[in-house]
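Colleague: Provided below: model-v7.cif, containing mmCIF, C-alpha atoms.
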```cif
data_model
#
loop_
_atom_site.group_PDB
_atom_site.id
_atom_site.type_symbol
_atom_site.label_atom_id
_atom_site.label_comp_id
_atom_site.auth_asym_id
_atom_site.auth_seq_id
_atom_site.Cartn_x
_atom_site.Cartn_y
_atom_site.Cartn_z
ATOM 1 C CA MET A 72 73.174 -124.470 232.607
ATOM 2 C CA ALA A 73 73.760 -122.820 229.277
ATOM 3 C CA GLY A 74 70.866 -120.841 227.823
ATOM 4 C CA PRO A 75 69.263 -121.459 224.418
ATOM 5 C CA GLY A 76 71.523 -118.900 222.737
ATOM 6 C CA THR A 77 74.669 -120.603 224.025
ATOM 7 C CA MET A 78 73.450 -124.028 222.988
ATOM 8 C CA SER A 79 72.553 -122.779 219.493
ATOM 9 C CA ARG A 80 75.965 -121.203 219.006
ATOM 10 C CA SER A 81 77.696 -124.402 220.230
ATOM 11 C CA MET A 82 75.721 -126.530 217.787
ATOM 12 C CA ALA A 83 76.530 -124.124 214.951
ATOM 13 C CA LYS A 84 80.208 -124.310 215.827
ATOM 14 C CA ASN A 85 80.182 -128.122 215.772
ATOM 15 C CA GLU A 86 78.471 -128.050 212.388
ATOM 16 C CA ILE A 87 81.088 -125.642 211.002
ATOM 17 C CA ASP A 88 83.907 -127.832 212.344
ATOM 18 C CA ASN A 89 82.412 -130.936 210.742
ATOM 19 C CA ILE A 90 82.033 -129.197 207.369
ATOM 20 C CA ALA A 91 85.663 -128.010 207.569
ATOM 21 C CA ALA A 92 86.796 -131.556 208.356
ATOM 22 C CA ASP A 93 84.914 -132.861 205.324
ATOM 23 C CA TRP A 94 86.569 -130.318 203.009
ATOM 24 C CA VAL A 95 90.045 -131.171 204.304
ATOM 25 C CA ALA A 96 89.420 -134.893 203.841
ATOM 26 C CA ARG A 97 88.283 -134.254 200.234
ATOM 27 C CA LEU A 98 91.352 -132.159 199.467
ATOM 28 C CA ASP A 99 93.679 -134.896 200.688
ATOM 29 C CA GLY A 100 92.396 -137.083 197.859
ATOM 30 C CA GLY A 101 93.566 -134.622 195.208
ATOM 31 C CA PRO A 102 92.727 -131.225 193.675
ATOM 32 C CA LEU A 103 89.080 -130.195 193.615
ATOM 33 C CA GLY A 104 87.195 -129.638 190.397
ATOM 34 C CA ALA A 105 86.337 -126.080 189.408
ATOM 35 C CA ASN A 106 82.794 -126.249 190.808
ATOM 36 C CA LYS A 107 83.831 -127.750 194.143
ATOM 37 C CA GLN A 108 86.724 -125.288 194.476
ATOM 38 C CA ALA A 109 84.309 -122.406 193.918
ATOM 39 C CA GLU A 110 81.977 -123.917 196.534
ATOM 40 C CA LEU A 111 84.843 -124.144 199.054
ATOM 41 C CA ASP A 112 85.990 -120.575 198.318
ATOM 42 C CA ALA A 113 82.461 -119.263 198.830
ATOM 43 C CA TRP A 114 82.093 -121.143 202.119
ATOM 44 C CA LEU A 115 85.406 -119.794 203.441
ATOM 45 C CA ALA A 116 84.518 -116.234 202.460
ATOM 46 C CA ALA A 117 81.094 -116.391 204.102
ATOM 47 C CA ASP A 118 82.270 -116.295 207.742
ATOM 48 C CA ALA A 119 85.580 -115.788 209.569
ATOM 49 C CA ARG A 120 84.666 -118.793 211.729
ATOM 50 C CA HIS A 121 84.699 -120.952 208.597
ATOM 51 C CA GLN A 122 88.309 -119.905 207.897
ATOM 52 C CA GLY A 123 89.387 -120.637 211.459
ATOM 53 C CA ALA A 124 87.699 -124.053 211.472
ATOM 54 C CA TYR A 125 89.279 -124.917 208.114
ATOM 55 C CA VAL A 126 92.792 -124.014 209.302
ATOM 56 C CA ARG A 127 92.360 -125.970 212.524
ATOM 57 C CA ALA A 128 91.117 -128.974 210.556
ATOM 58 C CA ARG A 129 94.169 -128.783 208.267
ATOM 59 C CA ALA A 130 96.482 -128.695 211.273
ATOM 60 C CA ILE A 131 94.827 -131.750 212.817
ATOM 61 C CA TRP A 132 94.824 -133.559 209.453
ATOM 62 C CA GLN A 133 98.558 -132.973 209.056
ATOM 63 C CA HIS A 134 99.101 -134.357 212.528
ATOM 64 C CA THR A 135 96.997 -137.456 211.845
ATOM 65 C CA ASN A 136 98.907 -137.997 208.599
ATOM 66 C CA ARG A 137 102.153 -138.124 210.537
ATOM 67 C CA VAL A 138 100.624 -140.480 213.104
ATOM 68 C CA ALA A 139 99.297 -142.686 210.307
ATOM 69 C CA ALA A 140 102.672 -142.765 208.580
ATOM 70 C CA MET A 141 104.401 -143.804 211.787
ATOM 71 C CA SER A 142 101.873 -146.558 212.467
ATOM 72 C CA GLU A 143 102.389 -147.876 208.938
ATOM 73 C CA GLY A 144 106.164 -147.835 209.392
ATOM 74 C CA ALA A 145 106.379 -145.420 206.490
ATOM 75 C CA THR A 146 109.721 -144.102 205.275
ATOM 76 C CA ARG A 147 110.565 -141.328 202.817
ATOM 77 C CA ASP A 148 111.771 -142.354 199.395
ATOM 78 C CA ASP A 149 114.670 -140.735 197.613
ATOM 79 C CA LYS A 150 112.715 -139.152 194.736
ATOM 80 C CA PRO A 151 112.083 -135.414 194.571
ATOM 81 C CA ALA A 152 108.451 -134.516 195.203
ATOM 82 C CA PRO A 153 106.760 -132.958 192.157
ATOM 83 C CA ALA A 154 105.314 -129.480 192.543
ATOM 84 C CA GLN A 155 101.771 -130.855 192.325
ATOM 85 C CA ALA A 156 102.270 -133.512 194.991
ATOM 86 C CA ALA A 157 100.551 -133.203 198.359
ATOM 87 C CA SER A 158 102.918 -132.205 201.164
ATOM 88 C CA TRP A 159 101.670 -135.001 203.388
ATOM 89 C CA GLY A 160 100.246 -138.291 202.109
ATOM 90 C CA ILE A 161 98.764 -141.407 203.725
ATOM 91 C CA SER A 162 97.745 -144.824 202.535
ATOM 92 C CA GLY A 163 94.204 -145.621 201.476
ATOM 93 C CA ARG A 164 93.630 -147.827 204.525
ATOM 94 C CA MET A 165 94.851 -145.148 206.884
ATOM 95 C CA LEU A 166 92.810 -142.450 205.101
ATOM 96 C CA ALA A 167 89.556 -143.707 206.593
ATOM 97 C CA ILE A 168 91.143 -144.006 210.049
ATOM 98 C CA ALA A 169 92.560 -140.489 209.858
ATOM 99 C CA ALA A 170 89.277 -139.048 208.580
ATOM 100 C CA THR A 171 87.360 -140.671 211.438
ATOM 101 C CA LEU A 172 89.893 -139.380 213.953
ATOM 102 C CA LEU A 173 89.767 -135.909 212.403
ATOM 103 C CA VAL A 174 85.980 -135.637 212.706
ATOM 104 C CA ALA A 175 86.047 -137.002 216.252
ATOM 105 C CA VAL A 176 88.810 -134.641 217.342
ATOM 106 C CA VAL A 177 87.229 -131.597 215.686
ATOM 107 C CA GLY A 178 83.824 -132.470 217.078
ATOM 108 C CA ALA A 179 85.306 -132.664 220.574
ATOM 109 C CA GLY A 180 86.875 -129.218 220.193
ATOM 110 C CA TYR A 181 90.405 -130.521 220.720
ATOM 111 C CA PHE A 182 92.458 -127.561 219.607
ATOM 112 C CA GLY A 183 92.185 -125.137 222.497
ATOM 113 C CA PHE A 184 95.925 -125.451 223.064
ATOM 114 C CA GLU A 185 96.503 -123.534 219.834
ATOM 115 C CA HIS A 186 94.318 -120.664 220.989
ATOM 116 C CA TYR A 187 96.204 -119.535 224.062
ATOM 117 C CA ASP A 188 98.329 -116.425 223.782
ATOM 118 C CA GLY A 189 102.028 -116.707 224.521
ATOM 119 C CA ARG A 190 105.129 -118.230 222.976
ATOM 120 C CA LYS A 191 104.801 -120.511 219.959
ATOM 121 C CA MET A 192 107.664 -122.053 218.007
ATOM 122 C CA ALA A 193 108.511 -124.418 215.168
ATOM 123 C CA GLU A 194 111.452 -126.773 215.563
ATOM 124 C CA ILE A 195 114.159 -127.264 212.932
ATOM 125 C CA GLY A 196 112.588 -129.059 209.981
ATOM 126 C CA GLU A 197 109.039 -128.302 211.129
ATOM 127 C CA VAL A 198 106.387 -126.124 209.481
ATOM 128 C CA ARG A 199 103.645 -125.455 212.017
ATOM 129 C CA LEU A 200 100.132 -124.245 211.252
ATOM 130 C CA ILE A 201 98.435 -122.282 214.054
ATOM 131 C CA ALA A 202 94.751 -121.345 214.080
ATOM 132 C CA MET A 203 93.954 -118.216 216.075
ATOM 133 C CA ASN A 204 90.593 -117.745 217.753
ATOM 134 C CA ASP A 205 89.705 -114.739 215.543
ATOM 135 C CA GLY A 206 89.765 -116.849 212.376
ATOM 136 C CA SER A 207 93.309 -115.808 211.396
ATOM 137 C CA ALA A 208 95.949 -118.398 210.571
ATOM 138 C CA ILE A 209 99.697 -118.322 211.186
ATOM 139 C CA ASN A 210 102.201 -120.607 209.480
ATOM 140 C CA LEU A 211 105.522 -120.854 211.307
ATOM 141 C CA ASN A 212 108.498 -121.841 209.197
ATOM 142 C CA THR A 213 111.418 -123.897 210.516
ATOM 143 C CA ALA A 214 113.286 -122.689 213.637
ATOM 144 C CA SER A 215 110.886 -119.778 214.135
ATOM 145 C CA VAL A 216 109.518 -118.210 217.312
ATOM 146 C CA ILE A 217 106.588 -115.845 217.841
ATOM 147 C CA GLN A 218 104.703 -114.422 220.783
ATOM 148 C CA THR A 219 101.072 -113.326 220.574
ATOM 149 C CA ARG A 220 99.040 -110.718 222.414
ATOM 150 C CA TYR A 221 95.363 -110.238 221.623
ATOM 151 C CA ASP A 222 93.425 -107.555 223.472
ATOM 152 C CA ALA A 223 90.360 -105.364 222.901
ATOM 153 C CA ASP A 224 92.229 -102.840 220.708
ATOM 154 C CA GLU A 225 94.863 -104.803 218.810
ATOM 155 C CA ARG A 226 96.046 -108.212 217.681
ATOM 156 C CA ARG A 227 99.844 -108.162 217.986
ATOM 157 C CA ILE A 228 102.385 -110.793 216.957
ATOM 158 C CA LEU A 229 106.048 -110.494 217.911
ATOM 159 C CA LEU A 230 108.334 -112.368 215.484
ATOM 160 C CA ARG A 231 111.420 -113.152 217.531
ATOM 161 C CA GLU A 232 113.174 -115.389 215.042
ATOM 162 C CA GLY A 233 112.722 -117.007 211.654
ATOM 163 C CA GLU A 234 109.772 -116.667 209.302
ATOM 164 C CA ALA A 235 105.996 -116.721 209.502
ATOM 165 C CA SER A 236 103.110 -116.151 207.127
ATOM 166 C CA PHE A 237 99.758 -114.725 208.120
ATOM 167 C CA LYS A 238 96.237 -115.033 206.733
ATOM 168 C CA VAL A 239 94.419 -112.296 208.595
ATOM 169 C CA ALA A 240 90.712 -112.296 209.371
ATOM 170 C CA HIS A 241 89.276 -108.798 208.890
ATOM 171 C CA GLU A 242 88.289 -106.891 212.037
ATOM 172 C CA ASP A 243 87.638 -103.143 211.865
ATOM 173 C CA ALA A 244 88.077 -102.613 215.596
ATOM 174 C CA ARG A 245 91.306 -104.578 216.055
ATOM 175 C CA PRO A 246 94.184 -104.107 213.623
ATOM 176 C CA PHE A 247 96.589 -107.011 213.115
ATOM 177 C CA VAL A 248 100.220 -105.974 213.731
ATOM 178 C CA VAL A 249 103.443 -107.975 213.401
ATOM 179 C CA ALA A 250 106.409 -106.483 215.269
ATOM 180 C CA VAL A 251 109.942 -107.455 214.210
ATOM 181 C CA ASP A 252 113.301 -105.804 214.915
ATOM 182 C CA GLY A 253 111.776 -102.438 215.753
ATOM 183 C CA LEU A 254 109.504 -102.439 212.685
ATOM 184 C CA THR A 255 105.739 -102.915 212.568
ATOM 185 C CA VAL A 256 103.799 -104.605 209.766
ATOM 186 C CA ARG A 257 100.138 -103.630 209.968
ATOM 187 C CA ALA A 258 97.374 -105.464 208.100
ATOM 188 C CA VAL A 259 93.587 -105.571 208.061
ATOM 189 C CA GLY A 260 92.579 -108.623 206.015
ATOM 190 C CA THR A 261 95.349 -110.075 203.900
ATOM 191 C CA HIS A 262 97.910 -112.842 203.298
ATOM 192 C CA PHE A 263 101.572 -111.955 203.785
ATOM 193 C CA SER A 264 104.847 -113.281 205.173
ATOM 194 C CA VAL A 265 107.555 -111.767 207.364
ATOM 195 C CA ARG A 266 111.092 -113.134 207.566
ATOM 196 C CA ARG A 267 113.861 -112.210 209.988
ATOM 197 C CA LEU A 268 117.180 -113.767 209.014
ATOM 198 C CA LYS A 269 120.830 -112.700 209.147
ATOM 199 C CA GLY A 270 120.144 -109.143 210.274
ATOM 200 C CA ALA A 271 117.564 -108.432 207.560
ATOM 201 C CA VAL A 272 113.778 -108.315 207.539
ATOM 202 C CA SER A 273 111.700 -109.068 204.453
ATOM 203 C CA VAL A 274 107.956 -108.757 203.903
ATOM 204 C CA ILE A 275 106.071 -110.391 201.010
ATOM 205 C CA VAL A 276 102.421 -109.553 200.307
ATOM 206 C CA ALA A 277 100.432 -112.265 198.527
ATOM 207 C CA GLU A 278 96.990 -110.671 198.974
ATOM 208 C CA GLY A 279 95.648 -107.360 200.254
ATOM 209 C CA ILE A 280 97.598 -104.408 201.643
ATOM 210 C CA VAL A 281 100.008 -104.035 204.552
ATOM 211 C CA GLU A 282 101.792 -101.007 205.993
ATOM 212 C CA VAL A 283 105.388 -101.333 207.159
ATOM 213 C CA ALA A 284 106.629 -98.660 209.553
ATOM 214 C CA ASN A 285 109.866 -97.817 211.335
ATOM 215 C CA PRO A 286 108.805 -95.795 214.414
ATOM 216 C CA THR A 287 112.416 -94.740 215.017
ATOM 217 C CA THR A 288 112.921 -93.039 211.647
ATOM 218 C CA GLY A 289 109.280 -92.343 210.841
ATOM 219 C CA GLU A 290 109.569 -94.169 207.512
ATOM 220 C CA ILE A 291 106.325 -95.772 206.323
ATOM 221 C CA GLN A 292 105.839 -97.952 203.247
ATOM 222 C CA ARG A 293 102.498 -99.235 201.972
ATOM 223 C CA LEU A 294 102.709 -102.588 200.170
ATOM 224 C CA HIS A 295 100.125 -104.114 197.848
ATOM 225 C CA ALA A 296 99.743 -107.656 196.567
ATOM 226 C CA ASP A 297 102.798 -109.030 194.729
ATOM 227 C CA GLU A 298 105.176 -106.544 196.380
ATOM 228 C CA TRP A 299 108.263 -107.309 198.428
ATOM 229 C CA LEU A 300 110.076 -105.146 200.974
ATOM 230 C CA THR A 301 113.478 -105.655 202.584
ATOM 231 C CA ALA A 302 114.865 -103.736 205.531
ATOM 232 C CA VAL A 303 118.336 -103.741 207.058
ATOM 233 C CA ALA A 304 119.095 -101.892 210.284
ATOM 234 C CA GLY A 305 120.196 -98.317 209.608
ATOM 235 C CA GLN A 306 119.099 -98.357 205.959
ATOM 236 C CA THR A 307 115.949 -97.181 204.168
ATOM 237 C CA PHE A 308 113.382 -99.659 202.958
ATOM 238 C CA SER A 309 113.917 -101.340 199.599
ATOM 239 C CA THR A 310 110.897 -102.527 197.594
ATOM 240 C CA ALA A 311 110.304 -104.545 194.424
ATOM 241 C CA ASN A 312 107.445 -106.036 192.432
ATOM 242 C CA LEU A 313 107.226 -109.817 192.161
ATOM 243 C CA SER A 314 105.155 -111.923 189.780
ATOM 244 C CA ALA A 315 102.375 -114.097 191.182
ATOM 245 C CA ASN A 316 104.468 -117.163 190.275
ATOM 246 C CA GLU A 317 107.451 -115.774 192.154
ATOM 247 C CA ILE A 318 105.305 -115.055 195.214
ATOM 248 C CA SER A 319 103.993 -118.609 195.087
ATOM 249 C CA ARG A 320 107.517 -119.994 194.763
ATOM 250 C CA ARG A 321 108.873 -118.005 197.694
ATOM 251 C CA MET A 322 105.977 -119.065 199.885
ATOM 252 C CA ALA A 323 105.926 -122.730 198.829
ATOM 253 C CA TRP A 324 107.311 -123.618 202.268
ATOM 254 C CA GLU A 325 103.751 -123.172 203.587
ATOM 255 C CA ASP A 326 102.899 -126.409 201.737
ATOM 256 C CA GLY A 327 106.077 -128.235 202.759
ATOM 257 C CA ARG A 328 108.057 -127.574 199.562
ATOM 258 C CA LEU A 329 111.170 -125.691 198.518
ATOM 259 C CA VAL A 330 111.119 -124.485 194.910
ATOM 260 C CA PHE A 331 114.339 -123.335 193.248
ATOM 261 C CA ASP A 332 114.415 -121.594 189.890
ATOM 262 C CA GLY A 333 117.860 -120.306 189.031
ATOM 263 C CA GLU A 334 119.302 -119.932 192.537
ATOM 264 C CA SER A 335 122.962 -120.763 192.954
ATOM 265 C CA VAL A 336 123.880 -124.050 194.595
ATOM 266 C CA ARG A 337 125.261 -121.934 197.433
ATOM 267 C CA GLU A 338 121.912 -120.205 198.020
ATOM 268 C CA ALA A 339 119.816 -123.338 197.572
ATOM 269 C CA THR A 340 121.999 -125.423 199.866
ATOM 270 C CA ALA A 341 121.853 -122.763 202.578
ATOM 271 C CA GLU A 342 118.053 -122.807 202.355
ATOM 272 C CA VAL A 343 117.860 -126.620 202.494
ATOM 273 C CA ASN A 344 120.205 -126.619 205.489
ATOM 274 C CA ARG A 345 117.826 -124.332 207.407
ATOM 275 C CA TYR A 346 115.488 -127.317 207.714
ATOM 276 C CA ALA A 347 118.097 -129.965 208.521
ATOM 277 C CA THR A 348 120.064 -131.120 211.550
ATOM 278 C CA VAL A 349 122.472 -133.057 209.304
ATOM 279 C CA LYS A 350 123.960 -130.372 207.050
ATOM 280 C CA ILE A 351 124.980 -130.590 203.395
ATOM 281 C CA LEU A 352 128.559 -129.574 202.600
ATOM 282 C CA VAL A 353 129.553 -128.788 198.991
ATOM 283 C CA GLU A 354 133.323 -129.152 198.790
ATOM 284 C CA ASP A 355 133.897 -127.849 195.255
ATOM 285 C CA PRO A 356 133.872 -123.995 195.330
ATOM 286 C CA ALA A 357 133.139 -123.830 191.593
ATOM 287 C CA MET A 358 129.991 -125.926 192.060
ATOM 288 C CA LEU A 359 128.610 -123.418 194.570
ATOM 289 C CA ASP A 360 128.252 -120.831 191.812
ATOM 290 C CA GLU A 361 126.303 -123.153 189.500
ATOM 291 C CA THR A 362 122.539 -122.611 189.253
ATOM 292 C CA LEU A 363 119.789 -125.166 189.589
ATOM 293 C CA VAL A 364 116.049 -125.723 189.145
ATOM 294 C CA GLY A 365 114.027 -128.164 191.203
ATOM 295 C CA VAL A 366 111.260 -128.869 193.705
ATOM 296 C CA PHE A 367 112.090 -130.620 196.954
ATOM 297 C CA ARG A 368 110.179 -131.700 199.999
ATOM 298 C CA ILE A 369 111.157 -129.846 203.163
ATOM 299 C CA GLY A 370 113.424 -131.975 205.338
ATOM 300 C CA ASP A 371 114.458 -134.328 202.531
ATOM 301 C CA SER A 372 118.091 -133.225 202.434
ATOM 302 C CA LYS A 373 119.329 -136.494 200.981
ATOM 303 C CA THR A 374 117.201 -136.199 197.847
ATOM 304 C CA TYR A 375 118.426 -132.655 197.317
ATOM 305 C CA ALA A 376 122.068 -133.680 197.841
ATOM 306 C CA ASN A 377 121.738 -136.630 195.441
ATOM 307 C CA SER A 378 120.165 -134.362 192.824
ATOM 308 C CA VAL A 379 122.974 -131.806 193.060
ATOM 309 C CA ALA A 380 125.627 -134.518 192.903
ATOM 310 C CA ALA A 381 124.031 -136.095 189.824
ATOM 311 C CA ALA A 382 123.560 -132.746 188.080
ATOM 312 C CA PHE A 383 127.206 -131.707 188.436
ATOM 313 C CA ASP A 384 128.976 -135.049 188.019
ATOM 314 C CA ALA A 385 129.872 -135.371 191.697
ATOM 315 C CA ARG A 386 129.174 -137.996 194.333
ATOM 316 C CA LEU A 387 127.496 -137.958 197.706
ATOM 317 C CA VAL A 388 129.371 -139.141 200.784
ATOM 318 C CA GLU A 389 127.090 -139.817 203.746
ATOM 319 C CA GLU A 390 128.579 -139.282 207.179
ATOM 320 C CA GLU A 391 127.034 -139.314 210.628
ATOM 321 C CA ASN A 392 126.975 -135.547 210.950
ATOM 322 C CA ALA A 393 127.050 -134.360 207.349
ATOM 323 C CA LEU A 394 126.188 -135.074 203.722
ATOM 324 C CA ARG A 395 129.269 -134.179 201.684
ATOM 325 C CA ILE A 396 129.109 -133.524 197.925
ATOM 326 C CA VAL A 397 132.570 -134.152 196.468
ATOM 327 C CA LYS A 398 134.152 -134.398 193.033
ATOM 328 C CA LYS A 399 134.333 -137.850 191.447
#
```
Hey, can you dump this file as structure tokens for me?
Modeller:
Amino acid sequence: MAGPGTMSRSMAKNEIDNIAADWVARLDGGPLGANKQAELDAWLAADARHQGAYVRARAIWQHTNRVAAMSEGATRDDKPAPAQAASWGISGRMLAIAATLLVAVVGAGYFGFEHYDGRKMAEIGEVRLIAMNDGSAINLNTASVIQTRYDADERRILLREGEASFKVAHEDARPFVVAVDGLTVRAVGTHFSVRRLKGAVSVIVAEGIVEVANPTTGEIQRLHADEWLTAVAGQTFSTANLSANEISRRMAWEDGRLVFDGESVREATAEVNRYATVKILVEDPAMLDETLVGVFRIGDSKTYANSVAAAFDARLVEEENALRIVKK
């Protein structure tokens, strides 16, 4: 039988989980006011367990949203999602059902499967939120694979493919290290992303400080908030400063959005296609060099293709295995 100390800790954990569930349910209804946002920020900062419970609650809420949408027979519309829109939405009737399920699931502790070390992946078109048992959170972008190893001296993540972002819970005794293509990205308590794509590695720091090292060459680069590093095999690191808005735009995928602001149609289409099994093909070479601005929901390739076609006086031809944008 568990002793009084164990029982007390278990009850505290259930209380934390229930508070986290309540915050997530409130946020689904729309942005918080300034006072409530400050209250949430203070609660999250008070204890690493609060952060972990909040991330787990978000993950379960996203899952219940998808279940609710399926049970309602919901379908996506063809309108681009505005930047302020929630990434996942459910009907008013289903909101109460999902909230009840969320509290019940959190109260039962049903998220142990996310805590086990080993291989974790996100499928094409999926953005997966993972809560680690130290209070850290990992967001896996589409078609991404990581492996985790937590021990007494280190928390290590191996990024095998794709892109992931990390919100790291501070621990003096155990540094948090992401290994990718022979490089290490070391953090203490921070928010950053690492991307491995087409032979290049990029690191973006949204908050805090990280240290990127190449053990082979001995090169070490310290990055602060709003800094970006790129690394290509056999070359020295390249760094740049990014505005807070640019950081937010590049990491909008965490919230299920793709935000374009002056990218070429070629670049934007390649990014949209990362999330799609049915690819978009732009048949006019001149159109590929045009630039565009827009916000699109991840996985909604058809809306993106329709928007490009309308913007450049083309038409969309839907085929079984492709969405072709052709001249009128």
Colleague: Let me know the residues the PyMOL selection byres ((chain A and resi 297-303) around 9) catches in the file above, as a PyMOL selection string.
Modeller: chain A and resi 270-278+283+292+294-296+304-315+317-318
Colleague: Can you tell me, as lines of an AutoDock Vina configuration file, the centre and edge lengths (Å, one decimal) of the axis-aligned box enclosing all of range 281-284 of chain A's listed atoms after padding each side by 5 Å?
Modeller:
```
center_x = 103.3
center_y = -101.3
center_z = 207.1
size_x = 16.6
size_y = 15.4
size_z = 15.0
```
Colleague: I'd like the neighbourhood of Gln122 in chain A as a list of chain:residue names, where a residue qualifies if any of its atoms comes within 8 Å (using all atoms listed in the file), though same-chain residues fewer than 4 positions away should be ignored.
Modeller: A:Leu115, A:Ala116, A:Asp118, A:Val126, A:Gly206, A:Ser207
Colleague: For Leu394 in chain A, find every residue with an atom within 9 Å (counting all atoms listed in the file), except residues of its own chain fewer than 5 positions away, and show them as a list in words.
Modeller: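 Skipping anything fewer than 5 positions along the chain leaves Val349, Lys350, Ile351, Leu352, Val353, Ser372, Lys373, Ala376, Leu387, Val388 and Glu389 of chain A.
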Colleague: Just want the 7 Å neighbourhood of range 209-222 of chain A, counted on all atoms listed in the file, with same-chain residues fewer than 6 positions away dropped. Output as a list in words.
Modeller: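 Listing them by chain and then by number gives Asp188, Gly189, Arg190, Lys191, Met192, Ala193, Glu194, Ile195, Gly196, Glu197, Val198, Arg199, Leu200, Ile201, Ala202, Ile228, Leu229, Leu230, Arg231, Glu232, Gly233, Glu234, Ala235, Ser236, Phe237, Lys238, Glu325 and Tyr346 of chain A.
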Colleague: Using all atoms listed in the file, which residues sit within 7 Å of range 252-254 of chain A once same-chain residues fewer than 4 positions away are excluded, as a PyMOL selection string?
Modeller: chain A and resi 283-286
Colleague: State, in Å with one decimal place, the distance from CA of Glu361 in chain A to CA of Glu338 in chain A.
Modeller: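 Interatomic distance here is 10.0 Å.
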Colleague: Leaving out range 240-244 of chain A and any residue of its chain fewer than 5 positions from it, which residues lie within 9 Å of it when counting all atoms listed in the file, given as a list in words?
Modeller: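 My list of contacting residues is Ala119, Gln122, Gly123, Asp205, Gly206, Ser207, Ala208, Ala223, Asp224, Glu225, Ala258, Val259, Gly260 and Thr261 of chain A.
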Colleague: Taking C-alpha atoms for each residue, export the selection above as a CSV table (one decimal), in the frame of the given file.
Modeller:
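This went into part_11.csv:
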```csv
chain,number,residue,atom,x,y,z
A,119,ALA,CA,85.6,-115.8,209.6
A,122,GLN,CA,88.3,-119.9,207.9
A,123,GLY,CA,89.4,-120.6,211.5
A,205,ASP,CA,89.7,-114.7,215.5
A,206,GLY,CA,89.8,-116.8,212.4
A,207,SER,CA,93.3,-115.8,211.4
A,208,ALA,CA,95.9,-118.4,210.6
A,223,ALA,CA,90.4,-105.4,222.9
A,224,ASP,CA,92.2,-102.8,220.7
A,225,GLU,CA,94.9,-104.8,218.8
A,258,ALA,CA,97.4,-105.5,208.1
A,259,VAL,CA,93.6,-105.6,208.1
A,260,GLY,CA,92.6,-108.6,206.0
A,261,THR,CA,95.3,-110.1,203.9
```
Colleague: Identify all residues satisfying the PyMOL selection byres ((chain A and resi 379-385) around 9) in the given file; provide them as a list in words.
Modeller: Val336, Met358, Glu361, Leu363, Thr374, Tyr375, Ala376, Asn377, Ser378, Arg386, Leu387, Ile396, Val397, Lys398 and Lys399 of chain A
Colleague: For CA of Arg129 in chain A and CA of Glu110 in chain A, quote the distance in Å rounded to one decimal.
Modeller: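 If I compute the distance from CA of Arg129 in chain A to CA of Glu110 in chain A, I get 17.6 Å.
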Colleague: Given all atoms listed in the file as the basis, pick out the residue of A:Pro246, A:Gly104, A:Pro356, A:Gly289 nearest to Arg227 in chain A.
Modeller: A:Pro246
Colleague: Between CA of Arg267 in chain A and CA of Glu290 in chain A, what is the distance, to one decimal in Å?
Modeller: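 Calculated distance between CA of Arg267 in chain A and CA of Glu290 in chain A is 18.7 Å.
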Colleague: In the coordinate frame of the file, compute which residues have an atom within 12 Å of (111.2, -118.0, 193.0) when using only C-alpha atoms, and state them as a short mmCIF file (atom, residue, chain, number, x, y, z; two decimals) with C-alpha atoms, in the coordinates of the input.
Modeller:
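Produced file part00.cif, reproduced below:
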```cif
data_model
loop_
_atom_site.label_atom_id
_atom_site.label_comp_id
_atom_site.auth_asym_id
_atom_site.auth_seq_id
_atom_site.Cartn_x
_atom_site.Cartn_y
_atom_site.Cartn_z
CA LEU A 313 107.23 -109.82 192.16
CA SER A 314 105.16 -111.92 189.78
CA ALA A 315 102.38 -114.10 191.18
CA ASN A 316 104.47 -117.16 190.28
CA GLU A 317 107.45 -115.77 192.15
CA ILE A 318 105.30 -115.06 195.21
CA SER A 319 103.99 -118.61 195.09
CA ARG A 320 107.52 -119.99 194.76
CA ARG A 321 108.87 -118.00 197.69
CA MET A 322 105.98 -119.06 199.88
CA ALA A 323 105.93 -122.73 198.83
CA TRP A 324 107.31 -123.62 202.27
CA LEU A 329 111.17 -125.69 198.52
CA VAL A 330 111.12 -124.48 194.91
CA PHE A 331 114.34 -123.34 193.25
CA ASP A 332 114.42 -121.59 189.89
CA GLY A 333 117.86 -120.31 189.03
CA GLU A 334 119.30 -119.93 192.54
CA ALA A 339 119.82 -123.34 197.57
CA LEU A 363 119.79 -125.17 189.59
CA VAL A 364 116.05 -125.72 189.14
CA GLY A 365 114.03 -128.16 191.20
CA VAL A 366 111.26 -128.87 193.70
#
```
Colleague: Mind listing whatever residues come within 10 Å of the point (87.8, -125.6, 205.6)? Use all atoms listed in the file, file coordinates, and give them as a tab-separated table (two decimals) with C-alpha atoms, keeping the file's coordinate frame.
Modeller:
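Okay, out00.tsv is ready:
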```tsv
chain	number	residue	atom	x	y	z
A	87	ILE	CA	81.09	-125.64	211.00
A	88	ASP	CA	83.91	-127.83	212.34
A	89	ASN	CA	82.41	-130.94	210.74
A	90	ILE	CA	82.03	-129.20	207.37
A	91	ALA	CA	85.66	-128.01	207.57
A	92	ALA	CA	86.80	-131.56	208.36
A	93	ASP	CA	84.91	-132.86	205.32
A	94	TRP	CA	86.57	-130.32	203.01
A	95	VAL	CA	90.04	-131.17	204.30
A	96	ALA	CA	89.42	-134.89	203.84
A	98	LEU	CA	91.35	-132.16	199.47
A	111	LEU	CA	84.84	-124.14	199.05
A	112	ASP	CA	85.99	-120.58	198.32
A	114	TRP	CA	82.09	-121.14	202.12
A	115	LEU	CA	85.41	-119.79	203.44
A	120	ARG	CA	84.67	-118.79	211.73
A	121	HIS	CA	84.70	-120.95	208.60
A	122	GLN	CA	88.31	-119.90	207.90
A	123	GLY	CA	89.39	-120.64	211.46
A	124	ALA	CA	87.70	-124.05	211.47
A	125	TYR	CA	89.28	-124.92	208.11
A	126	VAL	CA	92.79	-124.01	209.30
A	127	ARG	CA	92.36	-125.97	212.52
A	128	ALA	CA	91.12	-128.97	210.56
A	129	ARG	CA	94.17	-128.78	208.27
```
